[in-house]
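Trainee: Contents of entry-v2.pdb (PDB, C-alpha atoms) are below:
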```
ATOM      1  CA  MET A 154       0.000   0.000   0.000
ATOM      2  CA  LEU A 155       1.296   3.423  -0.968
ATOM      3  CA  TYR A 156      -0.663   5.565   1.472
ATOM      4  CA  PHE A 157       2.521   7.323   2.623
ATOM      5  CA  LEU A 158       3.160   9.094  -0.713
ATOM      6  CA  PRO A 159       2.415  12.836  -0.946
ATOM      7  CA  ALA A 160      -1.109  13.511  -2.206
ATOM      8  CA  PRO A 161      -0.099  15.252  -5.493
ATOM      9  CA  LEU A 162       2.270  12.389  -6.326
ATOM     10  CA  LYS A 163      -0.453   9.810  -5.647
ATOM     11  CA  GLY A 164      -2.858  11.740  -7.856
ATOM     12  CA  SER A 165      -0.338  12.056 -10.675
ATOM     13  CA  LEU A 166       0.597   8.363 -10.537
ATOM     14  CA  ALA A 167      -3.066   7.321 -10.462
ATOM     15  CA  ALA A 168      -3.882   9.560 -13.450
ATOM     16  CA  LEU A 169      -0.863   8.256 -15.379
ATOM     17  CA  LEU A 170      -1.720   4.607 -14.714
ATOM     18  CA  ILE A 171      -5.366   5.159 -15.688
ATOM     19  CA  LEU A 172      -4.170   6.763 -18.923
ATOM     20  CA  LEU A 173      -1.816   3.840 -19.643
ATOM     21  CA  ASP A 174      -4.578   1.336 -18.917
ATOM     22  CA  THR A 175      -6.869   3.238 -21.285
ATOM     23  CA  LEU A 176      -4.240   3.251 -24.035
ATOM     24  CA  VAL A 177      -3.864  -0.524 -23.675
ATOM     25  CA  LEU A 178      -7.561  -1.425 -23.549
ATOM     26  CA  PHE A 179      -9.032   1.166 -25.907
ATOM     27  CA  PRO A 180      -7.478  -0.224 -29.134
ATOM     28  CA  ILE A 181      -8.741  -3.693 -28.204
ATOM     29  CA  LEU A 182     -12.193  -2.244 -27.585
ATOM     30  CA  LEU A 183     -12.120  -0.467 -30.958
ATOM     31  CA  ILE A 184     -11.107  -3.633 -32.817
ATOM     32  CA  VAL A 185     -13.960  -5.617 -31.256
ATOM     33  CA  ALA A 186     -16.352  -2.688 -31.834
ATOM     34  CA  ILE A 187     -15.457  -2.477 -35.529
ATOM     35  CA  ALA A 188     -15.863  -6.247 -35.863
ATOM     36  CA  LYS A 189     -19.289  -5.956 -34.240
ATOM     37  CA  LEU A 190     -20.193  -3.168 -36.660
ATOM     38  CA  LEU A 191     -19.029  -5.007 -39.793
ATOM     39  CA  VAL A 192     -20.406  -8.498 -39.071
ATOM     40  CA  PRO A 193     -24.221  -8.292 -38.871
ATOM     41  CA  MET A 194     -24.727 -11.737 -37.291
ATOM     42  CA  SER A 195     -26.722 -11.595 -34.061
ATOM     43  CA  GLY A 196     -24.762 -14.388 -32.363
ATOM     44  CA  PHE A 197     -21.432 -12.792 -33.246
ATOM     45  CA  ARG A 198     -22.613  -9.358 -32.098
ATOM     46  CA  THR A 199     -23.801 -10.825 -28.810
ATOM     47  CA  LEU A 200     -20.348 -12.363 -28.285
ATOM     48  CA  CYS A 201     -18.730  -9.012 -29.093
ATOM     49  CA  THR A 202     -21.018  -7.286 -26.582
ATOM     50  CA  VAL A 203     -19.960  -9.724 -23.854
ATOM     51  CA  ILE A 204     -16.279  -9.075 -24.646
ATOM     52  CA  LEU A 205     -16.783  -5.301 -24.753
ATOM     53  CA  ASN A 206     -18.598  -5.259 -21.422
ATOM     54  CA  ARG A 207     -15.775  -7.328 -19.948
ATOM     55  CA  ILE A 208     -13.236  -4.779 -21.231
ATOM     56  CA  ALA A 209     -15.203  -1.955 -19.587
ATOM     57  CA  TRP A 210     -15.477  -3.984 -16.380
ATOM     58  CA  LEU A 211     -11.688  -4.540 -16.398
ATOM     59  CA  TRP A 212     -11.054  -0.829 -16.934
ATOM     60  CA  ILE A 213     -13.251   0.134 -13.980
ATOM     61  CA  GLY A 214     -11.836  -2.698 -11.868
ATOM     62  CA  PHE A 215      -8.273  -1.502 -12.557
ATOM     63  CA  ASN A 216      -9.225   2.027 -11.492
ATOM     64  CA  ASN A 217     -10.735   0.624  -8.303
ATOM     65  CA  CYS A 218      -7.545  -1.317  -7.549
ATOM     66  CA  LEU A 219      -5.555   1.890  -7.911
ATOM     67  CA  MET A 220      -7.781   3.564  -5.348
ATOM     68  CA  ASP A 221      -7.153   0.692  -2.925
ATOM     69  CA  LEU A 222      -3.413   0.845  -3.616
ATOM     70  CA  PHE A 223      -2.940   4.578  -3.133
ATOM     71  CA  HIS A 224      -5.712   5.581  -0.763
ATOM     72  CA  LYS A 225      -7.216   4.527   2.531
ATOM     73  CA  VAL A 226     -10.844   5.545   2.050
ATOM     74  CA  HIS A 227     -13.331   4.478   4.691
ATOM     75  CA  TRP A 228     -16.298   3.210   2.682
ATOM     76  CA  ASP A 229     -19.634   3.157   4.480
ATOM     77  CA  VAL A 230     -21.902   1.364   2.022
ATOM     78  CA  ARG A 231     -25.468   0.338   2.808
ATOM     79  CA  GLY A 232     -27.963  -1.647   0.741
ATOM     80  CA  LEU A 233     -25.759  -3.965  -1.340
ATOM     81  CA  GLU A 234     -27.486  -7.137  -0.131
ATOM     82  CA  GLU A 235     -30.338  -7.140  -2.664
ATOM     83  CA  LEU A 236     -28.284  -6.381  -5.766
ATOM     84  CA  ASP A 237     -28.138  -8.839  -8.659
ATOM     85  CA  LYS A 238     -25.997  -8.864 -11.825
ATOM     86  CA  ASP A 239     -28.845 -10.535 -13.736
ATOM     87  CA  HIS A 240     -31.418  -7.827 -13.033
ATOM     88  CA  TRP A 241     -32.463  -4.693 -14.926
ATOM     89  CA  TYR A 242     -32.034  -1.417 -13.001
ATOM     90  CA  PHE A 243     -32.597   2.294 -13.249
ATOM     91  CA  VAL A 244     -30.118   4.132 -10.988
ATOM     92  CA  THR A 245     -30.276   7.718  -9.848
ATOM     93  CA  CYS A 246     -28.150   9.626  -7.348
ATOM     94  CA  ASN A 247     -27.669  13.098  -5.912
ATOM     95  CA  HIS A 248     -24.820  14.855  -7.729
ATOM     96  CA  GLN A 249     -22.233  16.863  -5.784
ATOM     97  CA  THR A 250     -18.885  16.418  -7.536
ATOM     98  CA  TRP A 251     -17.183  14.588 -10.411
ATOM     99  CA  ALA A 252     -15.926  12.162  -7.757
ATOM    100  CA  ASP A 253     -19.497  10.803  -7.554
ATOM    101  CA  ILE A 254     -19.143   8.712 -10.710
ATOM    102  CA  PRO A 255     -15.913   6.810  -9.839
ATOM    103  CA  ALA A 256     -17.208   6.368  -6.275
ATOM    104  CA  ILE A 257     -20.436   4.815  -7.527
ATOM    105  CA  GLN A 258     -18.515   2.673 -10.018
ATOM    106  CA  TYR A 259     -16.272   1.517  -7.178
ATOM    107  CA  VAL A 260     -19.261   0.297  -5.191
ATOM    108  CA  LEU A 261     -21.467  -1.100  -7.977
ATOM    109  CA  ASN A 262     -18.946  -2.529 -10.467
ATOM    110  CA  ASN A 263     -19.575  -6.251 -11.023
ATOM    111  CA  ARG A 264     -22.519  -6.203  -8.588
ATOM    112  CA  ILE A 265     -25.062  -5.039 -11.161
ATOM    113  CA  PRO A 266     -24.887  -4.773 -14.979
ATOM    114  CA  LEU A 267     -22.517  -2.165 -16.399
ATOM    115  CA  LEU A 268     -23.723   1.412 -15.847
ATOM    116  CA  LYS A 269     -24.908   3.027 -19.084
ATOM    117  CA  PHE A 270     -26.203   6.476 -19.923
ATOM    118  CA  PHE A 271     -28.712   7.743 -22.476
ATOM    119  CA  LEU A 272     -26.788   9.875 -24.959
ATOM    120  CA  LYS A 273     -27.861  12.360 -27.600
ATOM    121  CA  LYS A 274     -27.729  10.692 -31.009
ATOM    122  CA  GLN A 275     -25.331  13.380 -32.304
ATOM    123  CA  LEU A 276     -22.654  12.032 -29.935
ATOM    124  CA  ILE A 277     -22.312   8.876 -31.997
ATOM    125  CA  TRP A 278     -20.164  10.953 -34.378
ATOM    126  CA  VAL A 279     -17.590  11.827 -31.704
ATOM    127  CA  PRO A 280     -14.300  10.335 -32.972
ATOM    128  CA  PHE A 281     -13.488   6.965 -31.383
ATOM    129  CA  LEU A 282     -15.786   7.483 -28.413
ATOM    130  CA  GLY A 283     -18.939   7.381 -30.533
ATOM    131  CA  ILE A 284     -18.219   3.903 -31.846
ATOM    132  CA  ALA A 285     -17.139   2.790 -28.373
ATOM    133  CA  TRP A 286     -20.434   3.981 -26.877
ATOM    134  CA  TRP A 287     -22.319   2.281 -29.703
ATOM    135  CA  ALA A 288     -20.356  -0.927 -29.200
ATOM    136  CA  LEU A 289     -21.090  -0.889 -25.461
ATOM    137  CA  ASP A 290     -24.791  -0.485 -26.298
ATOM    138  CA  PHE A 291     -25.181   2.938 -24.724
ATOM    139  CA  PRO A 292     -28.692   3.948 -25.865
ATOM    140  CA  PHE A 293     -28.815   7.008 -28.112
ATOM    141  CA  MET A 294     -31.798   9.338 -27.743
ATOM    142  CA  HIS A 295     -33.704  10.422 -30.823
ATOM    143  CA  ARG A 296     -35.322  13.771 -30.024
ATOM    144  CA  HIS A 297     -36.996  16.180 -32.446
ATOM    145  CA  THR A 298     -37.176  19.870 -31.588
ATOM    146  CA  LYS A 299     -40.454  21.792 -31.324
ATOM    147  CA  GLU A 300     -39.505  23.625 -34.518
ATOM    148  CA  GLN A 301     -39.010  20.347 -36.406
ATOM    149  CA  LEU A 302     -42.333  19.006 -35.148
ATOM    150  CA  ALA A 303     -44.065  22.244 -36.148
ATOM    151  CA  ARG A 304     -42.730  21.916 -39.681
ATOM    152  CA  ARG A 305     -43.358  18.165 -39.906
ATOM    153  CA  PRO A 306     -46.144  17.021 -37.524
ATOM    154  CA  GLU A 307     -45.825  13.459 -38.845
ATOM    155  CA  LEU A 308     -42.570  13.161 -36.881
ATOM    156  CA  LYS A 309     -44.443  13.278 -33.567
ATOM    157  CA  GLY A 310     -43.768  10.065 -31.668
ATOM    158  CA  LYS A 311     -41.053   8.923 -34.086
ATOM    159  CA  ASP A 312     -38.260   9.881 -31.679
ATOM    160  CA  MET A 313     -39.646   7.600 -28.970
ATOM    161  CA  GLU A 314     -40.229   4.779 -31.468
ATOM    162  CA  ALA A 315     -36.607   5.027 -32.627
ATOM    163  CA  THR A 316     -35.285   5.053 -29.058
ATOM    164  CA  GLN A 317     -37.461   2.094 -28.075
ATOM    165  CA  ALA A 318     -36.174   0.177 -31.100
ATOM    166  CA  ALA A 319     -32.579   0.980 -30.067
ATOM    167  CA  CYS A 320     -33.317  -0.385 -26.582
ATOM    168  CA  GLU A 321     -34.758  -3.673 -27.850
ATOM    169  CA  LYS A 322     -31.355  -5.340 -27.419
ATOM    170  CA  PHE A 323     -31.757  -4.921 -23.658
ATOM    171  CA  ARG A 324     -34.851  -7.109 -23.573
ATOM    172  CA  TYR A 325     -32.690 -10.235 -23.271
ATOM    173  CA  THR A 326     -29.537  -8.730 -21.744
ATOM    174  CA  PRO A 327     -29.679  -7.146 -18.263
ATOM    175  CA  VAL A 328     -28.707  -3.488 -18.228
ATOM    176  CA  THR A 329     -28.343  -0.613 -15.774
ATOM    177  CA  ILE A 330     -29.371   2.859 -16.933
ATOM    178  CA  PHE A 331     -27.867   5.671 -14.860
ATOM    179  CA  ASN A 332     -29.168   9.224 -14.631
ATOM    180  CA  PHE A 333     -28.435  12.161 -12.329
ATOM    181  CA  MET A 334     -31.938  13.601 -11.851
ATOM    182  CA  GLU A 335     -30.551  16.999 -10.853
ATOM    183  CA  GLY A 336     -28.854  17.210 -14.243
ATOM    184  CA  THR A 337     -25.862  19.085 -12.853
ATOM    185  CA  ARG A 338     -23.614  19.201  -9.790
ATOM    186  CA  PHE A 339     -24.900  20.837  -6.629
ATOM    187  CA  THR A 340     -23.481  24.238  -5.725
ATOM    188  CA  GLU A 341     -24.818  26.837  -3.320
ATOM    189  CA  ALA A 342     -25.110  29.325  -6.177
ATOM    190  CA  LYS A 343     -27.262  26.960  -8.239
ATOM    191  CA  HIS A 344     -29.289  26.068  -5.159
ATOM    192  CA  GLN A 345     -30.107  29.722  -4.461
ATOM    193  CA  ARG A 346     -30.734  30.524  -8.121
ATOM    194  CA  GLN A 347     -33.268  27.690  -8.365
ATOM    195  CA  HIS A 348     -34.933  28.546  -5.047
ATOM    196  CA  SER A 349     -34.756  24.810  -4.417
ATOM    197  CA  PRO A 350     -37.174  23.586  -1.727
ATOM    198  CA  TYR A 351     -34.591  21.016  -0.598
ATOM    199  CA  ARG A 352     -31.756  21.671   1.853
ATOM    200  CA  HIS A 353     -29.111  19.488   0.181
ATOM    201  CA  LEU A 354     -30.405  19.009  -3.369
ATOM    202  CA  LEU A 355     -31.193  20.864  -6.552
ATOM    203  CA  LYS A 356     -34.616  20.441  -8.118
ATOM    204  CA  PRO A 357     -34.932  17.090  -9.932
ATOM    205  CA  ARG A 358     -35.626  17.051 -13.659
ATOM    206  CA  ALA A 359     -38.457  14.593 -14.154
ATOM    207  CA  GLY A 360     -38.385  14.679 -17.963
ATOM    208  CA  GLY A 361     -35.136  12.755 -18.455
ATOM    209  CA  THR A 362     -36.184   9.971 -16.097
ATOM    210  CA  ALA A 363     -39.622   9.846 -17.714
ATOM    211  CA  PHE A 364     -37.963   9.410 -21.116
ATOM    212  CA  VAL A 365     -36.004   6.398 -19.826
ATOM    213  CA  LEU A 366     -39.054   4.766 -18.263
ATOM    214  CA  GLN A 367     -41.166   5.485 -21.331
ATOM    215  CA  ALA A 368     -38.597   3.902 -23.631
ATOM    216  CA  MET A 369     -37.713   0.949 -21.395
ATOM    217  CA  GLY A 370     -40.697   0.547 -19.083
ATOM    218  CA  GLU A 371     -41.333  -3.044 -20.107
ATOM    219  CA  MET A 372     -37.775  -3.984 -19.138
ATOM    220  CA  ILE A 373     -36.854  -1.844 -16.133
ATOM    221  CA  HIS A 374     -39.042  -2.221 -13.050
ATOM    222  CA  THR A 375     -36.524  -1.571 -10.266
ATOM    223  CA  MET A 376     -34.882   1.652  -9.149
ATOM    224  CA  LEU A 377     -31.727   1.976  -7.087
ATOM    225  CA  ASN A 378     -32.082   5.286  -5.282
ATOM    226  CA  VAL A 379     -28.474   6.095  -4.345
ATOM    227  CA  THR A 380     -27.592   8.795  -1.828
ATOM    228  CA  ILE A 381     -23.941   9.791  -1.548
ATOM    229  CA  VAL A 382     -22.530  11.819   1.345
ATOM    230  CA  TYR A 383     -19.005  13.094   1.976
ATOM    231  CA  PRO A 384     -18.874  13.489   5.784
ATOM    232  CA  ASP A 385     -15.733  15.652   5.681
ATOM    233  CA  GLY A 386     -17.032  17.915   2.917
ATOM    234  CA  LYS A 387     -17.328  17.267  -0.782
ATOM    235  CA  ALA A 388     -14.219  17.302  -2.969
ATOM    236  CA  GLY A 389     -13.470  17.067  -6.667
ATOM    237  CA  PHE A 390     -12.170  14.303  -8.934
ATOM    238  CA  TRP A 391      -8.552  15.415  -8.474
ATOM    239  CA  ASP A 392      -9.007  15.212  -4.700
ATOM    240  CA  TYR A 393     -10.373  11.694  -5.201
ATOM    241  CA  LEU A 394      -7.273  10.716  -7.200
ATOM    242  CA  CYS A 395      -4.989  12.298  -4.598
ATOM    243  CA  GLY A 396      -6.659  10.502  -1.705
ATOM    244  CA  ARG A 397      -7.885  13.640   0.016
ATOM    245  CA  ILE A 398     -11.328  12.110   0.566
ATOM    246  CA  ASP A 399     -11.185  10.089   3.772
ATOM    247  CA  ARG A 400     -14.794   8.920   4.096
ATOM    248  CA  ILE A 401     -17.584   8.225   1.608
ATOM    249  CA  VAL A 402     -21.076   7.112   2.551
ATOM    250  CA  ILE A 403     -23.206   5.469  -0.132
ATOM    251  CA  ASP A 404     -26.753   4.549   0.829
ATOM    252  CA  ILE A 405     -28.646   2.372  -1.673
ATOM    253  CA  GLN A 406     -32.385   1.946  -1.455
ATOM    254  CA  THR A 407     -33.994  -0.603  -3.776
ATOM    255  CA  ARG A 408     -37.580   0.128  -4.725
ATOM    256  CA  GLU A 409     -40.042  -0.985  -7.366
ATOM    257  CA  ILE A 410     -41.090   1.716  -9.831
ATOM    258  CA  PRO A 411     -44.882   2.289  -9.746
ATOM    259  CA  GLU A 412     -46.495   0.312 -12.543
ATOM    260  CA  GLN A 413     -48.345   3.304 -14.000
ATOM    261  CA  PHE A 414     -45.015   4.936 -14.892
ATOM    262  CA  LEU A 415     -43.644   1.977 -16.866
ATOM    263  CA  GLY A 416     -43.990   2.748 -20.566
ATOM    264  CA  MET A 417     -46.045   5.868 -19.785
ATOM    265  CA  ASP A 418     -46.845   8.535 -22.370
ATOM    266  CA  TYR A 419     -45.249  11.383 -20.426
ATOM    267  CA  GLY A 420     -45.438  13.911 -23.235
ATOM    268  CA  ASN A 421     -49.110  13.531 -24.078
ATOM    269  CA  ASP A 422     -50.814  12.315 -20.903
ATOM    270  CA  ARG A 423     -51.130  15.340 -18.633
ATOM    271  CA  ALA A 424     -52.550  13.367 -15.710
ATOM    272  CA  VAL A 425     -49.736  10.825 -15.642
ATOM    273  CA  ARG A 426     -47.179  13.615 -16.140
ATOM    274  CA  THR A 427     -48.500  15.452 -13.084
ATOM    275  CA  GLU A 428     -48.567  12.245 -11.042
ATOM    276  CA  PHE A 429     -45.022  11.363 -12.095
ATOM    277  CA  GLN A 430     -43.681  14.809 -11.212
ATOM    278  CA  ARG A 431     -45.359  14.510  -7.804
ATOM    279  CA  TRP A 432     -43.740  11.078  -7.292
ATOM    280  CA  VAL A 433     -40.297  12.415  -8.221
ATOM    281  CA  SER A 434     -40.728  15.390  -5.869
ATOM    282  CA  GLN A 435     -41.649  13.029  -3.029
ATOM    283  CA  LEU A 436     -38.658  10.831  -3.843
ATOM    284  CA  TRP A 437     -36.392  13.874  -3.654
ATOM    285  CA  ALA A 438     -37.936  15.074  -0.389
ATOM    286  CA  GLU A 439     -37.218  11.643   1.116
ATOM    287  CA  LYS A 440     -33.641  11.784  -0.191
ATOM    288  CA  ASP A 441     -33.159  15.230   1.329
ATOM    289  CA  ALA A 442     -34.381  13.916   4.691
ATOM    290  CA  ARG A 443     -32.143  10.855   4.318
ATOM    291  CA  ILE A 444     -29.082  13.080   3.872
ATOM    292  CA  ASP A 445     -30.004  14.857   7.092
ATOM    293  CA  GLU A 446     -30.321  11.487   8.871
ATOM    294  CA  LEU A 447     -26.947  10.277   7.594
ATOM    295  CA  LYS A 448     -25.145  13.501   8.508
ATOM    296  CA  THR A 449     -26.637  13.471  12.009
ATOM    297  CA  GLU A 450     -25.729   9.809  12.470
ATOM    298  CA  LEU A 451     -22.152  10.382  11.325
ATOM    299  CA  LYS A 452     -21.770  13.482  13.499
ATOM    300  CA  ASN A 453     -22.895  11.593  16.603
ATOM    301  CA  ALA A 454     -20.883   8.447  15.857
TER
END
```
Kindly present the structure from the file in structure tokens form.
Mentor:
Amino acid sequence: MLYFLPAPLKGSLAALLILLDTLVLFPILLIVAIAKLLVPMSGFRTLCTVILNRIAWLWIGFNNCLMDLFHKVHWDVRGLEELDKDHWYFVTCNHQTWADIPAIQYVLNNRIPLLKFFLKKQLIWVPFLGIAWWALDFPFMHRHTKEQLARRPELKGKDMEATQAACEKFRYTPVTIFNFMEGTRFTEAKHQRQHSPYRHLLKPRAGGTAFVLQAMGEMIHTMLNVTIVYPDGKAGFWDYLCGRIDRIVIDIQTREIPEQFLGMDYGNDRAVRTEFQRWVSQLWAEKDARIDELKTELKNA
């Protein structure tokens, strides 16, 4: 264990080793991705998907090993007992810092299916990364603007149909879709600008979550409501690499998504849209109270 090294040196070594690991694994990922793209056989593509997911799992696992090698983080993780790698999940979490993502990957890697994000379809053209995201079956959103729909009303509903078709591959392969409901990292300035009714959270954006559940409602029935707390104060990704974060609390609550929201028509059904927004607001109020509980518990420990 290399805990004794100065923090900047630990951060630099960790960043360098992550970069080297990426340079080793990324060409392999691209080769398999191109093979998957060029050979339109379902069995072969399924095999490629398994290999690609394993590459991503190895990359995250290597990063996690580096954290264990360089840092002595006290992990307080609750709610892992019910998790299953063969289950479909929707995961959401409060968002405080860029350290949230590697922390969540540290806890959930190889316990549930690989975390994936909905991406705008334009991102598929990003050099190298676009084909990697496609190969890893990250779902790409097809969204038409109000101006496009005004000019061509026949396009209404086509974006959801296209997204649902893109998600069909997940019907037989377990997947985890991840989404930060706040849409951005928490800061006091954003909190005040929003006039957020929550003490520790920004207002949740129900639309993005509704889009996921509308597109994948027949497949995803379970939500992992993750609450992350940094007892010694939040810190950034560089602080995470340097080992300046001593304690991380991750509280995972598993809950079934109400049936009426699975495959709902959020855009056109005003009643279900109102009910869903009310459900999300209640979920966020409970999360806000849970953060208070955790902070009080940790302070008194």
Trainee: Counting all atoms listed in the file, what is within 10 Å of A:Gln367, bar same-chain residues fewer than 3 positions away, as a ChimeraX atom specification?
Mentor: /A:313,316-317,361-364,370-371,373,414-420
Trainee: Identify which of the residues A:Met220, A:Leu289, A:Leu169, A:Ala186 lies closest to A:Asp399, counting all atoms listed in the file when measuring atom-to-atom distances.
Mentor: A:Met220
Trainee: Would you mind listing what lies within 7 Å of A:Arg338 as a list in words, with all atoms listed in the file counted and same-chain residues fewer than 5 positions away left out?
Mentor: His248, Gln249 and Thr250 of chain A
Trainee: Just say which residues the PyMOL selection byres ((chain A and resi 352) around 12) picks in this file, as a list in words.
Mentor: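 Applying the expression gives Phe339, Thr340, Glu341, His344, Gln345, Gln347, His348, Ser349, Pro350, Tyr351, His353, Leu354, Leu355, Lys356, Trp437, Ala438, Glu439, Lys440, Asp441, Ala442, Arg443, Ile444 and Asp445 of chain A.
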Trainee: Could you please determine the separation between atom CA of A:Thr375 and atom CA of A:Met334 in Å, to one decimal place?
Mentor: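 Atom CA of A:Met334 lies 15.9 Å from atom CA of A:Thr375.
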Trainee: At a cut-off of 9 Å from (-34.3, 1.8, -5.8) in the coordinates of the file, what residues are picked up using only C-alpha atoms, written as a list in words?
Mentor: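 Residues with an atom close enough to that point: Tyr242, Phe243, Val244, Thr245, Thr375, Met376, Leu377, Asn378, Val379, Ile405, Gln406, Thr407, Arg408, Glu409 and Ile410 of chain A.
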Trainee: Write the residues of the selection above to a file with C-alpha atoms, as a JSON list (two decimals), keeping the file's coordinate frame.
Mentor:
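Result written to part_39.json:
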```
[["chain", "number", "residue", "atom", "x", "y", "z"],
["A", 242, "TYR", "CA", -32.03, -1.42, -13.00],
["A", 243, "PHE", "CA", -32.60, 2.29, -13.25],
["A", 244, "VAL", "CA", -30.12, 4.13, -10.99],
["A", 245, "THR", "CA", -30.28, 7.72, -9.85],
["A", 375, "THR", "CA", -36.52, -1.57, -10.27],
["A", 376, "MET", "CA", -34.88, 1.65, -9.15],
["A", 377, "LEU", "CA", -31.73, 1.98, -7.09],
["A", 378, "ASN", "CA", -32.08, 5.29, -5.28],
["A", 379, "VAL", "CA", -28.47, 6.10, -4.34],
["A", 405, "ILE", "CA", -28.65, 2.37, -1.67],
["A", 406, "GLN", "CA", -32.38, 1.95, -1.46],
["A", 407, "THR", "CA", -33.99, -0.60, -3.78],
["A", 408, "ARG", "CA", -37.58, 0.13, -4.72],
["A", 409, "GLU", "CA", -40.04, -0.98, -7.37],
["A", 410, "ILE", "CA", -41.09, 1.72, -9.83]]
```
Trainee: Could you make a table, as a tab-separated table, of the residues of stretch 363-409 of chain A that have an atom within 10 Å of an atom of stretch 222-231 of chain A, each with its nearest atom pair and distance in Å to one decimal, counting only C-alpha atoms, in chain and number order?
Mentor:
```
residue	atom	partner	partner_atom	distance
A:Val379	CA	A:Arg231	CA	9.7
A:Thr380	CA	A:Arg231	CA	9.9
A:Ile381	CA	A:Val230	CA	9.4
A:Val382	CA	A:Asp229	CA	9.7
A:Tyr393	CA	A:His224	CA	8.9
A:Leu394	CA	A:His224	CA	8.4
A:Cys395	CA	A:His224	CA	7.8
A:Gly396	CA	A:His224	CA	5.1
A:Arg397	CA	A:His224	CA	8.4
A:Ile398	CA	A:Val226	CA	6.7
A:Asp399	CA	A:Val226	CA	4.9
A:Arg400	CA	A:His227	CA	4.7
A:Ile401	CA	A:Trp228	CA	5.3
A:Val402	CA	A:Asp229	CA	4.6
A:Ile403	CA	A:Val230	CA	4.8
A:Asp404	CA	A:Arg231	CA	4.8
A:Ile405	CA	A:Arg231	CA	5.9
A:Gln406	CA	A:Arg231	CA	8.3
```
Trainee: Could those residues be written to a file, using C-alpha atoms, as a short mmCIF file (atom, residue, chain, number, x, y, z; two decimals), keeping the file's coordinate frame?
Mentor:
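Output file part29.cif is given in full below:
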```
data_model
loop_
_atom_site.label_atom_id
_atom_site.label_comp_id
_atom_site.auth_asym_id
_atom_site.auth_seq_id
_atom_site.Cartn_x
_atom_site.Cartn_y
_atom_site.Cartn_z
CA VAL A 379 -28.47 6.10 -4.34
CA THR A 380 -27.59 8.80 -1.83
CA ILE A 381 -23.94 9.79 -1.55
CA VAL A 382 -22.53 11.82 1.34
CA TYR A 393 -10.37 11.69 -5.20
CA LEU A 394 -7.27 10.72 -7.20
CA CYS A 395 -4.99 12.30 -4.60
CA GLY A 396 -6.66 10.50 -1.70
CA ARG A 397 -7.88 13.64 0.02
CA ILE A 398 -11.33 12.11 0.57
CA ASP A 399 -11.18 10.09 3.77
CA ARG A 400 -14.79 8.92 4.10
CA ILE A 401 -17.58 8.22 1.61
CA VAL A 402 -21.08 7.11 2.55
CA ILE A 403 -23.21 5.47 -0.13
CA ASP A 404 -26.75 4.55 0.83
CA ILE A 405 -28.65 2.37 -1.67
CA GLN A 406 -32.38 1.95 -1.46
#
```
Trainee: When you count all atoms listed in the file, which of these residues is closest to A:Ile204: A:Cys320, A:Ile257, A:Ala288, A:Val279?
Mentor: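 The shortest atom-to-atom distance to A:Ile204 comes from A:Ala288.
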Trainee: Hey, which of A:Arg358, A:Ala285, A:Thr202, A:Val433 ends up closest to A:Phe179? Count all atoms listed in the file.
Mentor: A:Ala285
Trainee: Applying 12 Å and all atoms listed in the file, which residues near A:Val203 remain after dropping the ones on its own chain fewer than 5 positions away? List them as an NGL selection string.
Mentor: :A and (182 or 185-186 or 189 or 196-198 or 208-210 or 266-267 or 288-290 or 326-327)
Trainee: What does the structure give for the distance between atom CA of A:Pro357 and atom CA of A:Asn263, in Å to one decimal?
Mentor: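 Atom-to-atom, atom CA of A:Pro357 and atom CA of A:Asn263 are spaced 28.0 Å apart.
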Trainee: What does the structure give for the distance between atom CA of A:Leu191 and atom CA of A:Asn206, in Å to one decimal?
Mentor: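 Value for the atom CA of A:Leu191-atom CA of A:Asn206 distance: 18.4 Å.
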Trainee: Please determine, counting only C-alpha atoms, which residue among A:Trp432, A:Trp212, A:Phe270, A:Trp241 has the shortest atom-to-atom distance to A:Asn332.
Mentor: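 When distances to A:Asn332 are compared using only C-alpha atoms, the smallest one comes from A:Phe270.
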Trainee: Run the PyMOL selection byres ((chain A and resi 213) around 12) on the file and write out the hits as a VMD selection string.
Mentor: chain A and resid 171 174 to 175 178 206 to 212 214 to 220 254 to 263 267 to 268
Trainee: Could you tell me which of A:Ala167, A:Ala318, A:Ala252, A:Ile181 comes closest to A:Gly389 if we count all atoms listed in the file?
Mentor: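 Of A:Ala167, A:Ala318, A:Ala252, A:Ile181, the one nearest A:Gly389 is A:Ala252, counting all atoms listed in the file.
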